[in-house]
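Taking it in order: structure first as structure tokens, then the write-up.
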Amino acid sequence: MNEFMEAQVRLSWQEARDSYDVVIIGGGGHGLATAYYLATRYGITNVAVVERGYIGSGNSGRNTTVIRANYGLPESVAFYQRSLELYRGLEAETDRWLMHNEMGLFWMTHTETGVRQEKMRAKLNTAMGAITDFVTPEEIHAMCPEIDLEGGGRYPVLGASYHPQGATARHDRVVWALAEGAMRHGVAVLQHRTVTGITMVGDRVTGVQTDHGPIGAGVIVSCVAGQSTLIADMVGLRLPIRSHPLQAFVTNHYQRTFNHIVASVDLATYVSQTARGEMLIGAEIDRQPSYSYQSSFDFLQSTAAKASMFLPFLKDLRILRQWGGVCDMSPDSSPVMGTTGIDGFYISTGWGTWGFKAIPAGGESMAELVATGETPDLIKPFRLSRFADDRVLADAGSSGTQQ
Ligand SMILES: Cc1cc2nc3c(=O)[nH]c(=O)nc-3n(C[C@H](O)[C@H](O)[C@H](O)COP(=O)(O)OP(=O)(O)OC[C@H]3O[C@@H](n4cnc5c(N)ncnc54)[C@H](O)[C@@H]3O)c2cc1C
């Protein structure tokens, strides 16, 4: 955060107390949203968010900021549509300009099977309240003439599902607005403090060990994205999560306004324009599981080639910056939220490459669970026990990556 933003956003830092009713591990979007909704919806403010770096230093400050609800299963569409609606009202609710911009999203396909899938997606989404239309190549051209319908001669565009409410929002502003809102109600956000262990009495959690000493907790919520298995291990819980790097990059300024998000399902590559005019490009995860934040030339080369096939103007731009994050990939490409079988220990994980859009609904749902002790209907399908019950929510085709 620069000095200008520090003057705009009123973050009130507190000294750590000995214990809190709720300790949330991870000051990313999901941890802060859980704290924000606990405070604003339920008046629960004896809460600490413990963050090992600075808020938003994880994936919430590293993503490509796409917000959409065009998923492939009824349970997922309902959840992400709730989040999309909360995002639409978040600027007014927090009184902060989050640079939320509904640009519309093309989810393009290059195969006949893909055309059938996108037609089905459009019908399912619309039935569940997430407006999506199937559009032909001619309609795509009329709305976004920059797209090369020949796909560089190798990946002809056969159609797309078009999701007009697809949006972007400035990721760090979302983090700061939620932190500010939670802090205003008395929530403590403790930066530069790493959770190193979890204390238990019998089957119940009682607090966290940190590199600055212990903190007692009535309830612990783990919201640590790519580090989820490490925190779960502290209570002897094995999660079906693997950590994979995901990279992205931006080009220099493109002089024209490109007011769409364009994704190729088959090439697992997507492009939008930032408010600064840079073209922002993301793609699939690195295949090798790792905790590495290092970005690679291989990624740049292959992703730039794929993106240029459907948006040839990109070939004239230069790459300015690249970076990476570490994603918590679930086996079915759906999130994992709720209880764990360990008394007082809740998790919000499995956000993989798709969790920025889920921040408001994820936080709202986890707050309801903590406050009431009841799992909200919206997130019951995403429970951890679904893997043991053989009730997985396989939706890899909606994730924007390939596992
Ligand atoms: C390159 C990239 C592009 C992406 N693009 C999109 C997109 O366009 N749309 C979308 O919906 N999603 C996208 N995602 C995914 C999305 O960013 C994440 O799913 C989401 O931000 C996860 O939020 P979180 O709060 O769970 O985790 P994070 O934001 O990662 O926060 C977790 C926090 O926990 C902290 N932490 C970890 N261990 C400890 C510890 N032991 N003690 C204390 N603190 C700890 C970390 O420092 C971190 O700040 C992308 C991700 C990446 C990397």
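We name chains A, B, ... following the order of the structure tokens; residues begin at 1 in each chain, and ligands are numbered from 1 as shown.
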Can you work out which residues are within 7 Å of ligand 1, considering only C-alpha atoms and all ligand atoms, and then hand them over as an mmCIF file with C-alpha atoms, in the first residue's frame?
```
data_model
loop_
_atom_site.group_PDB
_atom_site.id
_atom_site.type_symbol
_atom_site.label_atom_id
_atom_site.label_comp_id
_atom_site.auth_asym_id
_atom_site.auth_seq_id
_atom_site.Cartn_x
_atom_site.Cartn_y
_atom_site.Cartn_z
ATOM 1 C CA ILE A 25 -5.523 -17.625 10.156
ATOM 2 C CA GLY A 26 -4.736 -15.758 6.910
ATOM 3 C CA GLY A 27 -5.244 -12.100 6.029
ATOM 4 C CA GLY A 28 -6.281 -12.675 2.445
ATOM 5 C CA GLY A 29 -9.701 -11.958 1.009
ATOM 6 C CA HIS A 30 -11.394 -14.977 2.588
ATOM 7 C CA GLY A 31 -10.001 -14.432 6.083
ATOM 8 C CA VAL A 50 -3.420 -13.460 12.007
ATOM 9 C CA GLU A 51 -1.355 -12.858 8.871
ATOM 10 C CA ARG A 52 2.243 -13.991 8.384
ATOM 11 C CA GLY A 53 3.051 -11.212 5.897
ATOM 12 C CA TYR A 54 0.962 -8.140 5.085
ATOM 13 C CA ILE A 55 -2.724 -8.316 4.224
ATOM 14 C CA GLY A 56 -3.277 -9.309 0.610
ATOM 15 C CA SER A 57 0.278 -10.609 0.229
ATOM 16 C CA GLY A 58 -1.038 -14.057 -0.735
ATOM 17 C CA ASN A 59 -3.171 -14.923 -3.748
ATOM 18 C CA SER A 60 -5.732 -12.212 -3.004
ATOM 19 C CA GLY A 61 -3.177 -9.606 -4.102
ATOM 20 C CA ARG A 62 -1.783 -11.682 -6.972
ATOM 21 C CA ASN A 63 -4.771 -12.743 -9.015
ATOM 22 C CA THR A 64 -6.206 -11.663 -12.346
ATOM 23 C CA THR A 65 -9.371 -10.330 -10.641
ATOM 24 C CA VAL A 66 -12.015 -12.088 -12.740
ATOM 25 C CA ILE A 67 -15.463 -12.271 -11.134
ATOM 26 C CA ARG A 193 2.807 -12.953 12.727
ATOM 27 C CA THR A 194 3.069 -16.572 11.566
ATOM 28 C CA VAL A 195 0.961 -19.367 13.008
ATOM 29 C CA THR A 196 3.384 -22.175 13.835
ATOM 30 C CA CYS A 223 -8.121 -19.311 5.342
ATOM 31 C CA VAL A 224 -4.590 -19.808 4.064
ATOM 32 C CA ALA A 225 -5.056 -20.844 0.397
ATOM 33 C CA GLY A 226 -1.850 -22.589 -0.805
ATOM 34 C CA GLN A 227 -0.704 -23.321 2.763
ATOM 35 C CA ILE A 231 -2.176 -25.609 8.874
ATOM 36 C CA PRO A 245 1.892 -22.408 -8.572
ATOM 37 C CA LEU A 246 -0.198 -20.233 -10.886
ATOM 38 C CA GLN A 247 1.342 -17.409 -12.882
ATOM 39 C CA ALA A 248 0.130 -14.302 -14.694
ATOM 40 C CA GLY A 282 -3.550 -15.625 -17.058
ATOM 41 C CA TRP A 323 4.380 -13.008 -10.995
ATOM 42 C CA GLY A 324 3.014 -16.131 -9.359
ATOM 43 C CA GLY A 325 0.925 -17.374 -6.450
ATOM 44 C CA VAL A 326 0.391 -20.772 -4.835
ATOM 45 C CA CYS A 327 -3.066 -22.291 -5.255
ATOM 46 C CA SER A 348 -12.071 -22.377 3.884
ATOM 47 C CA THR A 349 -9.850 -23.859 1.169
ATOM 48 C CA TRP A 351 -10.062 -21.977 -3.851
ATOM 49 C CA GLY A 352 -7.486 -22.960 -6.420
ATOM 50 C CA THR A 353 -7.471 -20.580 -9.354
ATOM 51 C CA TRP A 354 -11.041 -19.401 -8.761
ATOM 52 C CA GLY A 355 -11.289 -17.983 -5.233
ATOM 53 C CA PHE A 356 -11.121 -14.205 -5.755
ATOM 54 C CA LYS A 357 -14.646 -14.108 -7.141
ATOM 55 C CA ALA A 358 -15.789 -16.133 -4.132
ATOM 56 C CA ILE A 359 -14.466 -13.803 -1.436
#
```
Any chance you could list, as a PyMOL selection string, the residues in stretch 113-319 of chain A that come up strand (DSSP E or B) when DSSP is run on the backbone?
chain A and resi 133-135+159-163+167-168+188-190+195-201+204-210+213-222+242-253+261-264+269-273+278-285+319
Could you pull the residues within 7 Å of A:Arg242, counting only C-alpha atoms, minus those fewer than 6 positions along the same chain, as a PyMOL selection string?
chain A and resi 289+328-330
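Candidate residues A:Trp97, A:Phe134, A:Phe387, A:Tyr155 were compared for distance to A:Arg170, and the nearest is A:Trp97, using only C-alpha atoms.
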From stretch 150-362 of chain A, collect each residue whose DSSP state is helix (DSSP H, G or I) and return the set as an NGL selection string.
:A and (151-153 or 171-184 or 225-233 or 297-310 or 312-316 or 359-362)
Within 9 Å of A:His253, counting only C-alpha atoms, which residues qualify if same-chain residues fewer than 5 places away don't, as a list in words?
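What passes the distance filter is Arg276, Gly277, Glu278, Met279, Leu317 and Arg318 of chain A.
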Just checking: using only C-alpha atoms, which residue out of A:Gln81, A:Thr206, A:Ser243, A:Asn70 ends up closest to A:Gly397?
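Answer, going by the shortest atom-to-atom distance: A:Asn70.
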Which one of A:Pro156, A:Gly373, A:Gly186, A:Gly344 sits closest to A:Asp203 if you count only C-alpha atoms?
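Closest candidate: A:Gly344.
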Residue contacts of A:Ile198 (12 Å, only C-alpha atoms) excluding same-chain residues fewer than 6 positions away, as a PDB file with C-alpha atoms, in the first residue's frame:
```
ATOM      1  CA  VAL A  23      -8.939 -16.466  15.462  1.00  0.00           C
ATOM      2  CA  ILE A  25      -5.523 -17.625  10.156  1.00  0.00           C
ATOM      3  CA  ARG A 204     -11.098 -29.252  20.771  1.00  0.00           C
ATOM      4  CA  VAL A 205      -8.831 -26.449  19.557  1.00  0.00           C
ATOM      5  CA  THR A 206      -7.903 -23.883  22.186  1.00  0.00           C
ATOM      6  CA  GLY A 207      -5.522 -21.490  20.454  1.00  0.00           C
ATOM      7  CA  VAL A 208      -2.681 -20.889  18.060  1.00  0.00           C
ATOM      8  CA  GLN A 209       1.071 -20.781  18.586  1.00  0.00           C
ATOM      9  CA  THR A 210       2.724 -17.976  16.686  1.00  0.00           C
ATOM     10  CA  GLY A 213       3.770 -16.116  21.287  1.00  0.00           C
ATOM     11  CA  PRO A 214       0.505 -17.984  21.880  1.00  0.00           C
ATOM     12  CA  ILE A 215      -3.027 -16.628  21.351  1.00  0.00           C
ATOM     13  CA  GLY A 216      -6.060 -18.358  22.852  1.00  0.00           C
ATOM     14  CA  ALA A 217      -9.068 -18.979  20.596  1.00  0.00           C
ATOM     15  CA  VAL A 219     -12.848 -20.985  17.371  1.00  0.00           C
ATOM     16  CA  ILE A 220     -10.185 -21.130  14.626  1.00  0.00           C
ATOM     17  CA  VAL A 221     -10.909 -20.568  10.953  1.00  0.00           C
ATOM     18  CA  SER A 222      -8.156 -21.494   8.493  1.00  0.00           C
ATOM     19  CA  LEU A 230       0.333 -27.217   6.492  1.00  0.00           C
ATOM     20  CA  ILE A 231      -2.176 -25.609   8.874  1.00  0.00           C
ATOM     21  CA  ALA A 232      -4.485 -28.672   8.780  1.00  0.00           C
ATOM     22  CA  ASP A 233      -1.500 -30.853   9.628  1.00  0.00           C
ATOM     23  CA  MET A 234      -1.176 -28.921  12.912  1.00  0.00           C
ATOM     24  CA  VAL A 235      -4.424 -30.557  14.083  1.00  0.00           C
ATOM     25  CA  GLY A 236      -3.654 -33.916  12.478  1.00  0.00           C
ATOM     26  CA  LEU A 237      -6.088 -33.363   9.603  1.00  0.00           C
ATOM     27  CA  ILE A 342     -12.297 -31.233  14.890  1.00  0.00           C
ATOM     28  CA  GLY A 344     -13.835 -25.487  16.874  1.00  0.00           C
ATOM     29  CA  PHE A 345     -11.673 -25.835  13.742  1.00  0.00           C
TER      30      PHE A 345
END
```
